[in-house]
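Only one structure is covered here, and it is reproduced in the block below.
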Number of protein chains: 6
Amino acid sequence: MSLCVRNIKRADAGVIDALAGFGVATTHEAQGRKGLLASHMRPIYRPAKIAGSAVTCEVAPGDNWMIHVAVEQCKPGDVLVVAPTSPCEDGYFGDLLATSLQAHGVRGLIIDAGVRDVAELTEMKFPVWSKAIFAQGTVKETIGNVNLPLVCAGALIHPGDVIVADDDGVVVVRREEAAAVAEKARAREANEGDKRARLAAGELGLDIYKMRERLAEKGLRWVDEA
Amino acid sequence: MSLCVRNIKRADAGVIDALAGFGVATTHEAQGRKGLLASHMRPIYRPAKIAGSAVTCEVAPGDNWMIHVAVEQCKPGDVLVVAPTSPCEDGYFGDLLATSLQAHGVRGLIIDAGVRDVAELTEMKFPVWSKAIFAQGTVKETIGNVNLPLVCAGALIHPGDVIVADDDGVVVVRREEAAAVAEKARAREANEGDKRARLAAGELGLDIYKMRERLAEKGLRWVDEA
Amino acid sequence: MSLCVRNIKRADAGVIDALAGFGVATTHEAQGRKGLLASHMRPIYRPAKIAGSAVTCEVAPGDNWMIHVAVEQCKPGDVLVVAPTSPCEDGYFGDLLATSLQAHGVRGLIIDAGVRDVAELTEMKFPVWSKAIFAQGTVKETIGNVNLPLVCAGALIHPGDVIVADDDGVVVVRREEAAAVAEKARAREANEGDKRARLAAGELGLDIYKMRERLAEKGLRWVDEA
Amino acid sequence: MSLCVRNIKRADAGVIDALAGFGVATTHEAQGRKGLLASHMRPIYRPAKIAGSAVTCEVAPGDNWMIHVAVEQCKPGDVLVVAPTSPCEDGYFGDLLATSLQAHGVRGLIIDAGVRDVAELTEMKFPVWSKAIFAQGTVKETIGNVNLPLVCAGALIHPGDVIVADDDGVVVVRREEAAAVAEKARAREANEGDKRARLAAGELGLDIYKMRERLAEKGLRWVDEA
Amino acid sequence: MSLCVRNIKRADAGVIDALAGFGVATTHEAQGRKGLLASHMRPIYRPAKIAGSAVTCEVAPGDNWMIHVAVEQCKPGDVLVVAPTSPCEDGYFGDLLATSLQAHGVRGLIIDAGVRDVAELTEMKFPVWSKAIFAQGTVKETIGNVNLPLVCAGALIHPGDVIVADDDGVVVVRREEAAAVAEKARAREANEGDKRARLAAGELGLDIYKMRERLAEKGLRWVDEA
Amino acid sequence: MSLCVRNIKRADAGVIDALAGFGVATTHEAQGRKGLLASHMRPIYRPAKIAGSAVTCEVAPGDNWMIHVAVEQCKPGDVLVVAPTSPCEDGYFGDLLATSLQAHGVRGLIIDAGVRDVAELTEMKFPVWSKAIFAQGTVKETIGNVNLPLVCAGALIHPGDVIVADDDGVVVVRREEAAAVAEKARAREANEGDKRARLAAGELGLDIYKMRERLAEKGLRWVDEA
């Protein structure tokens, strides 16, 4: 038996949009450097930058049937997250499914597998982060679960968690922690503005962060070339 | 001894151009999901979309001599297909060879190895699908076969077969089947237009394809989040 | 104990700029096909084309502390070269460090690891060649060496060597050989101009390079398709 | 801040030993084909077959400090599970740590990274499943969590879950489900005995599983070679 | 529609057994260095050395149904060759299927995917060359072709071709060429015996093969260390 | 032009044998964690453990000609180190070359490429560390350098450096530093004996290395499971 869970809880829309603005690297840092998906998850076009609530979808290798089930559970502002039960790079997703998701207000797709019709997806401005671009077709024979927690590209994702994705990759933020993470990200960004200005003026990180003494203690020595 | 086969048969030009229009994913589906080259074959720039008749060229690792032999066998509308006899990512091909191919009306290169001068190739609008971008030079010491069948990136390609390549990758269509495949692709695309419109209007694939009953039979259950 | 070597020797600025113009493939050929970094070193945006003097920086896995030390050793026209002591694809480098390097006139970064903030780096026009794009943060706990010779992506690089990088990848030229290599590259490019014109006019490489006889001697036979 | 959680709950010892007997493939099937770690997790010697309670240990890249913390939390019958916060193949573990674990009755190590001293570990009969064999040393500078849930080689593992590992790889069973899974595995194995005998006698799976009709319905046709 | 072709032609049994004796490297050389499967095809135990007639079996990703169909087409002395229609490393094959194949006299399995129960297969002395060892289970929902030509691990294999497999990997010999290849392999091996004796006596390949002059012509110079 | 350098300097035989005894991990640690070759360098059989003086040999992709040149430069106690000028996994080396090397007292082969005849090499007890096992044959057309410094599997190796190789992989020790490294390795091993005994008796590393206070300072907290 498999399950499709309806009416999942989602994070606050304002928080989600704030995280989209901060982007992946800042969000990842703000939540203590956790939640990153593996580096093989790359956008099909750049630049792209979104955040949304995860609708999770487990699929069998070479079988995209459950994506059709998942579409019905998506609401405006969501991000569809698809993971196969074993490694597969088939082209589970193309322009027809993207048309359907876009019609329902979905902001993008995260799939630890392949995608196709990428020229059309690029034209439609429907962003996808995937493991591969591959035209290989899929069948519709095997069921799986929708909106149960799953591991996607090495990260645990619960339905309703916030997905942030940009040119750097993809990070997941626990729904319950999203507001706090957004707050920390805001603080982090404010702090960075000052540092950016000082670095742009030529000041060294060695001095701004007062690293020289600790480096020397660890054993670093400065010498001139012989 | 090695062979260079002259005067290979080619598919009908109109059929080839039709397949170019349909692109890789549709062509692959229309011929029963076969003939795809491995997903590591990526275009050096995007968008790019071509079709043409395969001139096949077998090369030794790190040796691009036979490409010069193959150029002479190319006619306007052809696509050069190069595969090494063992895995290699050296830069077999650059702007000089591209100039030569372009002068003979060749539409692009498919190479299961490396390519270089990609900035120049991009400017020249000479599309290449390759396994790698790598400047490593090659020698001219070892011969191979031109226009014999070969396996390129996991797909069997006969000289004169139709190569279709776009942002999704590369697919080969048997010369003898090209007309029939083009016909099926045309039917497939017509059929997709209607579905695209219904999906864009918000209708669900679950309903369009009448999947609910079969999903339930397989054991899918819909439940609300606890 | 670790060392940070100051006041390294650099190649002549005119030679460096000449090599930038020739690019990676021509430079690599001109110096006898050596010095290429591995093909996994890819630019974060294209087109990009630079040359500069290497400041070398060894880092621990997941630890970007030494990059801050290396920044101080950079002068206008330099290229920072970073290699971890064991394979790592963490995001060692982002827009703050790029701001700092740009403020000191550094032309780009070569890093056999990951980089983040690539949207910002692209906007800043700060070019990076890296093994990965990955947002994973790093710590500042372990020291390493700056401006000692190191192996980066399979190539030996001495501080002050000339780094040439473009869309084809990255090549290193020994500082002592830079002037001679630039001279050979100039000759090579002049020679190529003539060949490009003949190839563009439709002449065959087989004839330009007089290959037919040697191919036949090796055993190549031309036959018509049966 | 990081946490080391003490006194975790464990599954019943009899259930754990039963699962060890069934091995990875049967256990994986019995629990509905979930919980497998990625196929890159390979035993350092064969044959090897264990089961035990997971003590989970998160480590920084290139830093094995937390393994020392985790050792104290291990009890006889446990299996240590180590995952780095970003991909790393350094040699986190060698014969000294194995001596320590063996002294505390630990049955083996699962590590999504590298291991060294494999000749000694083989002689000691201390089994390890790892991503790599690599002598690269690690530092002790950065802390992480012990006995919090983590993702190891693509699988979610809670402390106290049952780890089953053999020549086929590694699978995790939820602690709460372990008894039920063992029961299903027992039933599965009983059923397989009968089938094995019939297959050994030359009977065909096509007939035992009555597949011919359904294959024909799907469209399979038997023909003689032309 | 899919096909299962019955009553394929096979090569002469004496020729097949002779090729088994020569092994992969010698057979590959004897037939002009073609027909090798990719180097990722590794034996699950060593030593192992077989040859047999190929029964070819195409499978969908994650679906082993067609292997059951293929078993019926196997005769004593055959080797089963399985390739998925897109890359997959699931565990398509285990001890039950091996029991069935062994009951029908099949000598081994070549599969460009995963295999499981490798401890049992090793004990049974049923040799397998595979891309991966992975316990992931498969379904039985999608049909494919048996005994049509297919590409397996980069090599084209026709039903009835001779498969030779040993610790070095796997090579395929066209059925029609098998006798001639065996003859050439015999000659090659005879020739090698003499060379082996001279090399064992300390004579240099440089002298046996008279390489010194040609090396010098190409530009090799011998110098003493400075 | 290429060079073959004769009469290279070698390290003291006693030092070399001492390093063989310490093995890769200890040697690597004793010299400050440098000199390791990449983890893809694996022994073709285990256990295997050697040390010797490096004779270095640069080869073209798919061309093993220079190995014949290198054999002449080998003396009893040497280890042959082969690296291709671009990535290649062809089978450069088999039982005939091994017979020749063994006749001259060479202790083993380190090759960042492929090797074949591994069953015979195993029987002969001629150890090889390689990137791949692959039967693909090579040609003899292109020359390279013997006994010049080269980068092999990411490590810089000078002729006459000491190579240490065992089941953990391969490490290189500068010839000039070999005696000092052996001395440090001896000290390290003596120190480890005491620790091994204490760990075997059940004492914790946390206590032996007095880690508890520093862990707490960094922010580690011990808590009981809720």
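Labels used: A, B, ... for chains in the order of the structure tokens, numbers from 1 for residues in each chain, and numbers from 1 for ligands as shown.
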For this session: Using DSSP on the backbone, list every residue of segment 113-223 of chain E that comes out as alpha helix (DSSP H), and give them as a PyMOL selection string.
Result: chain E and resi 118-124+178-200+205-208+212-218
Could you list, as an mmCIF file with N, CA and C atoms, in the first residue's frame, every residue within 9 Å of Ala182 of chain B, counting only C-alpha atoms and ignoring same-chain residues fewer than 4 positions away?
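The file below, out.cif, is the result:
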```cif
data_model
loop_
_atom_site.group_PDB
_atom_site.id
_atom_site.type_symbol
_atom_site.label_atom_id
_atom_site.label_comp_id
_atom_site.auth_asym_id
_atom_site.auth_seq_id
_atom_site.Cartn_x
_atom_site.Cartn_y
_atom_site.Cartn_z
ATOM 1 N N VAL B 15 12.508 14.396 -44.405
ATOM 2 C CA VAL B 15 12.295 13.630 -43.172
ATOM 3 C C VAL B 15 13.274 14.096 -42.093
ATOM 4 N N ILE B 16 14.518 14.286 -42.491
ATOM 5 C CA ILE B 16 15.537 14.730 -41.537
ATOM 6 C C ILE B 16 15.159 16.076 -40.929
ATOM 7 N N ALA B 18 12.223 17.354 -40.691
ATOM 8 C CA ALA B 18 11.062 17.195 -39.826
ATOM 9 C C ALA B 18 11.486 16.709 -38.442
ATOM 10 N N LEU B 19 12.399 15.745 -38.409
ATOM 11 C CA LEU B 19 12.864 15.214 -37.121
ATOM 12 C C LEU B 19 13.580 16.294 -36.319
ATOM 13 N N PHE B 22 10.958 18.159 -34.484
ATOM 14 C CA PHE B 22 10.339 17.461 -33.358
ATOM 15 C C PHE B 22 11.281 17.402 -32.149
ATOM 16 N N THR B 27 11.123 12.513 -30.753
ATOM 17 C CA THR B 27 11.626 11.490 -31.671
ATOM 18 C C THR B 27 11.873 10.172 -30.936
ATOM 19 N N ALA B 30 8.636 8.593 -30.220
ATOM 20 C CA ALA B 30 7.959 8.136 -31.436
ATOM 21 C C ALA B 30 8.532 6.825 -31.957
ATOM 22 N N GLN B 31 9.806 6.565 -31.650
ATOM 23 C CA GLN B 31 10.383 5.309 -32.158
ATOM 24 C C GLN B 31 10.437 4.223 -31.086
ATOM 25 N N GLU B 177 14.031 3.565 -40.869
ATOM 26 C CA GLU B 177 12.836 3.826 -40.070
ATOM 27 C C GLU B 177 12.520 5.308 -39.971
ATOM 28 N N ALA B 178 13.361 6.148 -40.572
ATOM 29 C CA ALA B 178 13.251 7.586 -40.315
ATOM 30 C C ALA B 178 11.905 8.154 -40.750
ATOM 31 N N ARG B 186 4.927 13.251 -35.688
ATOM 32 C CA ARG B 186 3.940 14.267 -36.064
ATOM 33 C C ARG B 186 2.605 13.987 -35.353
ATOM 34 N N ALA B 187 2.193 12.731 -35.341
ATOM 35 C CA ALA B 187 0.938 12.363 -34.686
ATOM 36 C C ALA B 187 1.020 12.641 -33.189
#
```
Is it possible to see chain B as an mmCIF file with C-alpha atoms, in the first residue's frame, once it has been laid onto chain A by a least-squares fit on every C-alpha atom in order?
```
data_model
loop_
_atom_site.group_PDB
_atom_site.id
_atom_site.type_symbol
_atom_site.label_atom_id
_atom_site.label_comp_id
_atom_site.auth_asym_id
_atom_site.auth_seq_id
_atom_site.Cartn_x
_atom_site.Cartn_y
_atom_site.Cartn_z
ATOM 1 C CA MET B 1 0.031 -0.020 0.007
ATOM 2 C CA SER B 2 1.099 3.539 -0.685
ATOM 3 C CA LEU B 3 -0.214 6.823 0.660
ATOM 4 C CA CYS B 4 -1.005 10.231 -0.759
ATOM 5 C CA VAL B 5 -1.299 12.675 2.142
ATOM 6 C CA ARG B 6 -3.593 15.663 1.597
ATOM 7 C CA ASN B 7 -3.781 19.058 3.286
ATOM 8 C CA ILE B 8 -0.241 19.287 4.565
ATOM 9 C CA LYS B 9 0.771 22.228 6.746
ATOM 10 C CA ARG B 10 2.855 24.954 5.149
ATOM 11 C CA ALA B 11 5.092 27.711 6.466
ATOM 12 C CA ASP B 12 4.105 31.371 6.467
ATOM 13 C CA ALA B 13 4.148 32.874 2.985
ATOM 14 C CA GLY B 14 6.054 35.942 4.082
ATOM 15 C CA VAL B 15 8.758 33.827 5.654
ATOM 16 C CA ILE B 16 9.053 31.754 2.491
ATOM 17 C CA ASP B 17 9.455 34.807 0.321
ATOM 18 C CA ALA B 18 12.034 36.239 2.674
ATOM 19 C CA LEU B 19 14.075 33.038 2.406
ATOM 20 C CA ALA B 20 13.862 33.224 -1.383
ATOM 21 C CA GLY B 21 15.453 36.636 -1.150
ATOM 22 C CA PHE B 22 18.299 35.476 1.064
ATOM 23 C CA GLY B 23 19.121 32.570 -1.201
ATOM 24 C CA VAL B 24 20.720 29.199 -0.561
ATOM 25 C CA ALA B 25 24.131 30.052 0.892
ATOM 26 C CA THR B 26 22.827 32.560 3.427
ATOM 27 C CA THR B 27 19.886 30.360 4.449
ATOM 28 C CA HIS B 28 22.188 27.374 4.864
ATOM 29 C CA GLU B 29 24.529 29.375 7.093
ATOM 30 C CA ALA B 30 21.660 30.895 9.066
ATOM 31 C CA GLN B 31 20.354 27.475 10.058
ATOM 32 C CA GLY B 32 23.706 26.166 11.211
ATOM 33 C CA ARG B 33 25.003 24.702 7.955
ATOM 34 C CA LYS B 34 22.546 21.890 7.519
ATOM 35 C CA GLY B 35 19.926 20.892 4.984
ATOM 36 C CA LEU B 36 21.908 21.210 1.729
ATOM 37 C CA LEU B 37 21.055 18.826 -1.085
ATOM 38 C CA ALA B 38 24.021 17.194 -2.827
ATOM 39 C CA SER B 39 26.031 19.311 -5.255
ATOM 40 C CA HIS B 40 24.874 17.239 -8.240
ATOM 41 C CA MET B 41 21.533 19.080 -8.062
ATOM 42 C CA ARG B 42 21.948 21.795 -10.696
ATOM 43 C CA PRO B 43 19.525 24.299 -12.215
ATOM 44 C CA ILE B 44 18.628 23.704 -15.868
ATOM 45 C CA TYR B 45 19.003 27.454 -16.524
ATOM 46 C CA ARG B 46 20.608 30.378 -14.719
ATOM 47 C CA PRO B 47 19.853 32.667 -13.034
ATOM 48 C CA ALA B 48 16.981 31.111 -11.108
ATOM 49 C CA LYS B 49 15.956 31.757 -7.517
ATOM 50 C CA ILE B 50 12.867 30.455 -5.729
ATOM 51 C CA ALA B 51 11.455 29.311 -2.400
ATOM 52 C CA GLY B 52 8.299 27.359 -1.688
ATOM 53 C CA SER B 53 6.632 24.657 0.368
ATOM 54 C CA ALA B 54 7.696 21.097 -0.392
ATOM 55 C CA VAL B 55 5.216 18.627 -1.818
ATOM 56 C CA THR B 56 7.175 15.367 -1.685
ATOM 57 C CA CYS B 57 6.838 12.593 -4.233
ATOM 58 C CA GLU B 58 8.491 9.193 -4.193
ATOM 59 C CA VAL B 59 8.820 7.464 -7.561
ATOM 60 C CA ALA B 60 10.012 4.061 -8.754
ATOM 61 C CA PRO B 61 13.031 3.958 -11.085
ATOM 62 C CA GLY B 62 11.923 4.789 -14.627
ATOM 63 C CA ASP B 63 8.317 5.398 -13.552
ATOM 64 C CA ASN B 64 6.793 8.881 -13.265
ATOM 65 C CA TRP B 65 3.239 7.873 -12.430
ATOM 66 C CA MET B 66 3.220 9.369 -8.943
ATOM 67 C CA ILE B 67 4.121 12.822 -10.245
ATOM 68 C CA HIS B 68 0.605 12.982 -11.661
ATOM 69 C CA VAL B 69 -0.751 12.150 -8.217
ATOM 70 C CA ALA B 70 1.443 14.797 -6.601
ATOM 71 C CA VAL B 71 0.288 17.582 -8.923
ATOM 72 C CA GLU B 72 -3.166 17.453 -7.374
ATOM 73 C CA GLN B 73 -1.682 18.131 -3.927
ATOM 74 C CA CYS B 74 0.187 21.258 -5.063
ATOM 75 C CA LYS B 75 -1.014 24.765 -4.208
ATOM 76 C CA PRO B 76 0.227 28.141 -5.423
ATOM 77 C CA GLY B 77 3.648 28.804 -3.921
ATOM 78 C CA ASP B 78 4.636 25.141 -3.654
ATOM 79 C CA VAL B 79 7.761 23.413 -4.932
ATOM 80 C CA LEU B 80 7.514 19.803 -6.080
ATOM 81 C CA VAL B 81 10.241 17.513 -4.708
ATOM 82 C CA VAL B 82 10.744 14.166 -6.444
ATOM 83 C CA ALA B 83 13.099 11.353 -5.414
ATOM 84 C CA PRO B 84 13.389 7.862 -6.919
ATOM 85 C CA THR B 85 13.605 4.827 -4.645
ATOM 86 C CA SER B 86 16.910 3.904 -6.276
ATOM 87 C CA PRO B 87 19.332 5.970 -8.373
ATOM 88 C CA CYS B 88 17.892 6.808 -11.796
ATOM 89 C CA GLU B 89 18.486 9.584 -14.291
ATOM 90 C CA ASP B 90 15.566 9.014 -16.626
ATOM 91 C CA GLY B 91 13.638 12.023 -17.917
ATOM 92 C CA TYR B 92 10.691 11.887 -15.519
ATOM 93 C CA PHE B 93 9.460 15.375 -16.297
ATOM 94 C CA GLY B 94 8.902 17.552 -19.357
ATOM 95 C CA ASP B 95 6.943 20.481 -20.687
ATOM 96 C CA LEU B 96 3.479 18.929 -20.277
ATOM 97 C CA LEU B 97 3.891 18.324 -16.567
ATOM 98 C CA ALA B 98 5.481 21.763 -16.227
ATOM 99 C CA THR B 99 2.444 23.306 -17.910
ATOM 100 C CA SER B 100 0.251 21.554 -15.399
ATOM 101 C CA LEU B 101 2.322 22.635 -12.402
ATOM 102 C CA GLN B 102 2.561 26.201 -13.658
ATOM 103 C CA ALA B 103 -1.222 26.271 -14.057
ATOM 104 C CA HIS B 104 -1.470 25.452 -10.353
ATOM 105 C CA GLY B 105 1.012 28.105 -9.271
ATOM 106 C CA VAL B 106 3.898 25.777 -8.495
ATOM 107 C CA ARG B 107 7.217 27.651 -8.430
ATOM 108 C CA GLY B 108 9.609 24.932 -9.536
ATOM 109 C CA LEU B 109 10.750 21.319 -9.423
ATOM 110 C CA ILE B 110 13.509 19.626 -7.420
ATOM 111 C CA ILE B 111 14.200 16.135 -8.788
ATOM 112 C CA ASP B 112 17.035 13.748 -7.931
ATOM 113 C CA ALA B 113 16.766 12.229 -11.386
ATOM 114 C CA GLY B 114 16.538 13.438 -14.990
ATOM 115 C CA VAL B 115 14.382 15.994 -16.763
ATOM 116 C CA ARG B 116 13.701 16.681 -20.460
ATOM 117 C CA ASP B 117 12.270 19.377 -22.734
ATOM 118 C CA VAL B 118 14.713 21.760 -21.093
ATOM 119 C CA ALA B 119 14.584 24.222 -23.970
ATOM 120 C CA GLU B 120 10.820 24.525 -23.517
ATOM 121 C CA LEU B 121 11.108 24.685 -19.713
ATOM 122 C CA THR B 122 13.624 27.494 -20.087
ATOM 123 C CA GLU B 123 11.308 29.400 -22.399
ATOM 124 C CA MET B 124 8.381 28.868 -20.018
ATOM 125 C CA LYS B 125 10.549 30.113 -17.141
ATOM 126 C CA PHE B 126 9.742 27.021 -15.134
ATOM 127 C CA PRO B 127 12.892 26.383 -13.067
ATOM 128 C CA VAL B 128 14.112 22.855 -12.355
ATOM 129 C CA TRP B 129 17.002 21.595 -10.268
ATOM 130 C CA SER B 130 17.939 18.065 -11.319
ATOM 131 C CA LYS B 131 20.646 15.410 -11.307
ATOM 132 C CA ALA B 132 20.616 15.029 -15.075
ATOM 133 C CA ILE B 133 19.157 16.214 -18.348
ATOM 134 C CA PHE B 134 18.082 13.107 -20.217
ATOM 135 C CA ALA B 135 15.279 12.441 -22.702
ATOM 136 C CA GLN B 136 14.716 8.835 -21.583
ATOM 137 C CA GLY B 137 10.979 8.197 -21.244
ATOM 138 C CA THR B 138 9.324 6.622 -18.216
ATOM 139 C CA VAL B 139 6.386 4.263 -17.626
ATOM 140 C CA LYS B 140 3.332 4.429 -15.353
ATOM 141 C CA GLU B 141 3.156 1.048 -13.602
ATOM 142 C CA THR B 142 4.337 1.373 -10.011
ATOM 143 C CA ILE B 143 2.948 3.446 -7.164
ATOM 144 C CA GLY B 144 4.778 5.244 -4.346
ATOM 145 C CA ASN B 145 4.078 7.736 -1.599
ATOM 146 C CA VAL B 146 3.145 11.421 -1.861
ATOM 147 C CA ASN B 147 3.714 13.782 1.058
ATOM 148 C CA LEU B 148 5.574 11.389 3.287
ATOM 149 C CA PRO B 149 9.083 12.405 4.440
ATOM 150 C CA LEU B 150 11.797 11.332 1.990
ATOM 151 C CA VAL B 151 15.521 11.641 1.420
ATOM 152 C CA CYS B 152 16.250 13.643 -1.746
ATOM 153 C CA ALA B 153 19.866 14.049 -2.886
ATOM 154 C CA GLY B 154 21.077 13.200 0.610
ATOM 155 C CA ALA B 155 18.763 15.571 2.514
ATOM 156 C CA LEU B 156 15.734 14.631 4.602
ATOM 157 C CA ILE B 157 12.650 16.564 3.440
ATOM 158 C CA HIS B 158 9.249 16.617 5.145
ATOM 159 C CA PRO B 159 6.142 17.753 3.277
ATOM 160 C CA GLY B 160 5.607 21.425 4.019
ATOM 161 C CA ASP B 161 9.281 22.127 4.659
ATOM 162 C CA VAL B 162 10.600 25.202 2.887
ATOM 163 C CA ILE B 163 12.742 24.595 -0.174
ATOM 164 C CA VAL B 164 15.127 27.375 -1.204
ATOM 165 C CA ALA B 165 16.871 26.999 -4.553
ATOM 166 C CA ASP B 166 19.126 29.235 -6.602
ATOM 167 C CA ASP B 167 22.260 29.082 -8.760
ATOM 168 C CA ASP B 168 24.208 27.635 -5.818
ATOM 169 C CA GLY B 169 21.910 24.619 -5.408
ATOM 170 C CA VAL B 170 19.099 23.642 -3.063
ATOM 171 C CA VAL B 171 18.578 23.776 0.716
ATOM 172 C CA VAL B 172 15.682 22.591 2.863
ATOM 173 C CA VAL B 173 14.478 24.402 5.995
ATOM 174 C CA ARG B 174 12.247 22.623 8.539
ATOM 175 C CA ARG B 175 8.795 24.184 8.481
ATOM 176 C CA GLU B 176 8.874 24.745 12.224
ATOM 177 C CA GLU B 177 12.228 26.515 12.020
ATOM 178 C CA ALA B 178 11.558 28.644 8.956
ATOM 179 C CA ALA B 179 10.638 31.860 10.745
ATOM 180 C CA ALA B 180 13.642 31.681 13.066
ATOM 181 C CA VAL B 181 15.977 30.883 10.193
ATOM 182 C CA ALA B 182 14.658 33.826 8.194
ATOM 183 C CA GLU B 183 15.319 36.075 11.151
ATOM 184 C CA LYS B 184 18.884 34.834 11.514
ATOM 185 C CA ALA B 185 19.436 35.186 7.777
ATOM 186 C CA ARG B 186 18.283 38.801 7.950
ATOM 187 C CA ALA B 187 20.776 39.505 10.748
ATOM 188 C CA ARG B 188 23.523 37.730 8.873
ATOM 189 C CA GLU B 189 22.925 39.729 5.734
ATOM 190 C CA ALA B 190 22.896 43.030 7.601
ATOM 191 C CA ASN B 191 26.226 42.119 9.132
ATOM 192 C CA GLU B 192 27.681 41.186 5.750
ATOM 193 C CA GLY B 193 26.887 44.579 4.235
ATOM 194 C CA ASP B 194 29.377 46.329 6.465
ATOM 195 C CA LYS B 195 32.075 43.765 5.824
ATOM 196 C CA ARG B 196 31.528 43.927 2.105
ATOM 197 C CA ALA B 197 32.122 47.661 2.137
ATOM 198 C CA ARG B 198 35.338 47.352 4.130
ATOM 199 C CA LEU B 199 36.634 44.554 1.912
ATOM 200 C CA ALA B 200 35.724 46.559 -1.204
ATOM 201 C CA ALA B 201 37.807 49.417 0.230
ATOM 202 C CA GLY B 202 40.803 47.091 0.331
ATOM 203 C CA GLU B 203 40.845 46.225 4.013
ATOM 204 C CA LEU B 204 41.994 42.641 4.627
ATOM 205 C CA GLY B 205 39.903 39.876 6.180
ATOM 206 C CA LEU B 206 43.019 39.086 8.251
ATOM 207 C CA ASP B 207 42.542 42.439 9.974
ATOM 208 C CA ILE B 208 38.745 42.717 9.974
ATOM 209 C CA TYR B 209 38.443 39.304 11.606
ATOM 210 C CA LYS B 210 41.652 39.741 13.694
ATOM 211 C CA MET B 211 43.106 36.437 12.524
ATOM 212 C CA ARG B 212 46.840 37.145 12.644
ATOM 213 C CA GLU B 213 47.483 36.193 16.237
ATOM 214 C CA ARG B 214 45.530 32.946 16.152
ATOM 215 C CA LEU B 215 47.230 31.946 12.890
ATOM 216 C CA ALA B 216 50.629 32.528 14.472
ATOM 217 C CA GLU B 217 49.640 30.497 17.514
ATOM 218 C CA LYS B 218 48.645 27.593 15.281
ATOM 219 C CA GLY B 219 52.133 27.753 13.778
ATOM 220 C CA LEU B 220 51.927 29.896 10.635
ATOM 221 C CA ARG B 221 55.146 31.714 9.759
ATOM 222 C CA TRP B 222 55.575 34.444 7.135
ATOM 223 C CA VAL B 223 58.847 34.330 5.195
ATOM 224 C CA ASP B 224 60.214 36.049 2.102
ATOM 225 C CA GLU B 225 60.942 34.032 -1.003
ATOM 226 C CA ALA B 226 64.546 32.836 -0.943
#
```
Problem set entry | strand (DSSP E or B) call set, DSSP backbone run, segment 155-201 of chain A, as a PyMOL selection string | chain A and resi 155-157+162-166+169-173
Could the residues in this selection be written to a file with C-alpha atoms, as a short mmCIF file (atom, residue, chain, number, x, y, z; two decimals), in the first residue's frame?
```cif
data_model
loop_
_atom_site.label_atom_id
_atom_site.label_comp_id
_atom_site.auth_asym_id
_atom_site.auth_seq_id
_atom_site.Cartn_x
_atom_site.Cartn_y
_atom_site.Cartn_z
CA ALA A 155 18.78 15.58 2.53
CA LEU A 156 15.74 14.64 4.62
CA ILE A 157 12.66 16.57 3.46
CA VAL A 162 10.60 25.21 2.91
CA ILE A 163 12.75 24.60 -0.17
CA VAL A 164 15.13 27.39 -1.20
CA ALA A 165 16.86 27.01 -4.56
CA ASP A 166 19.12 29.25 -6.60
CA GLY A 169 21.91 24.64 -5.43
CA VAL A 170 19.10 23.64 -3.05
CA VAL A 171 18.58 23.78 0.73
CA VAL A 172 15.69 22.60 2.88
CA VAL A 173 14.49 24.40 6.02
#
```
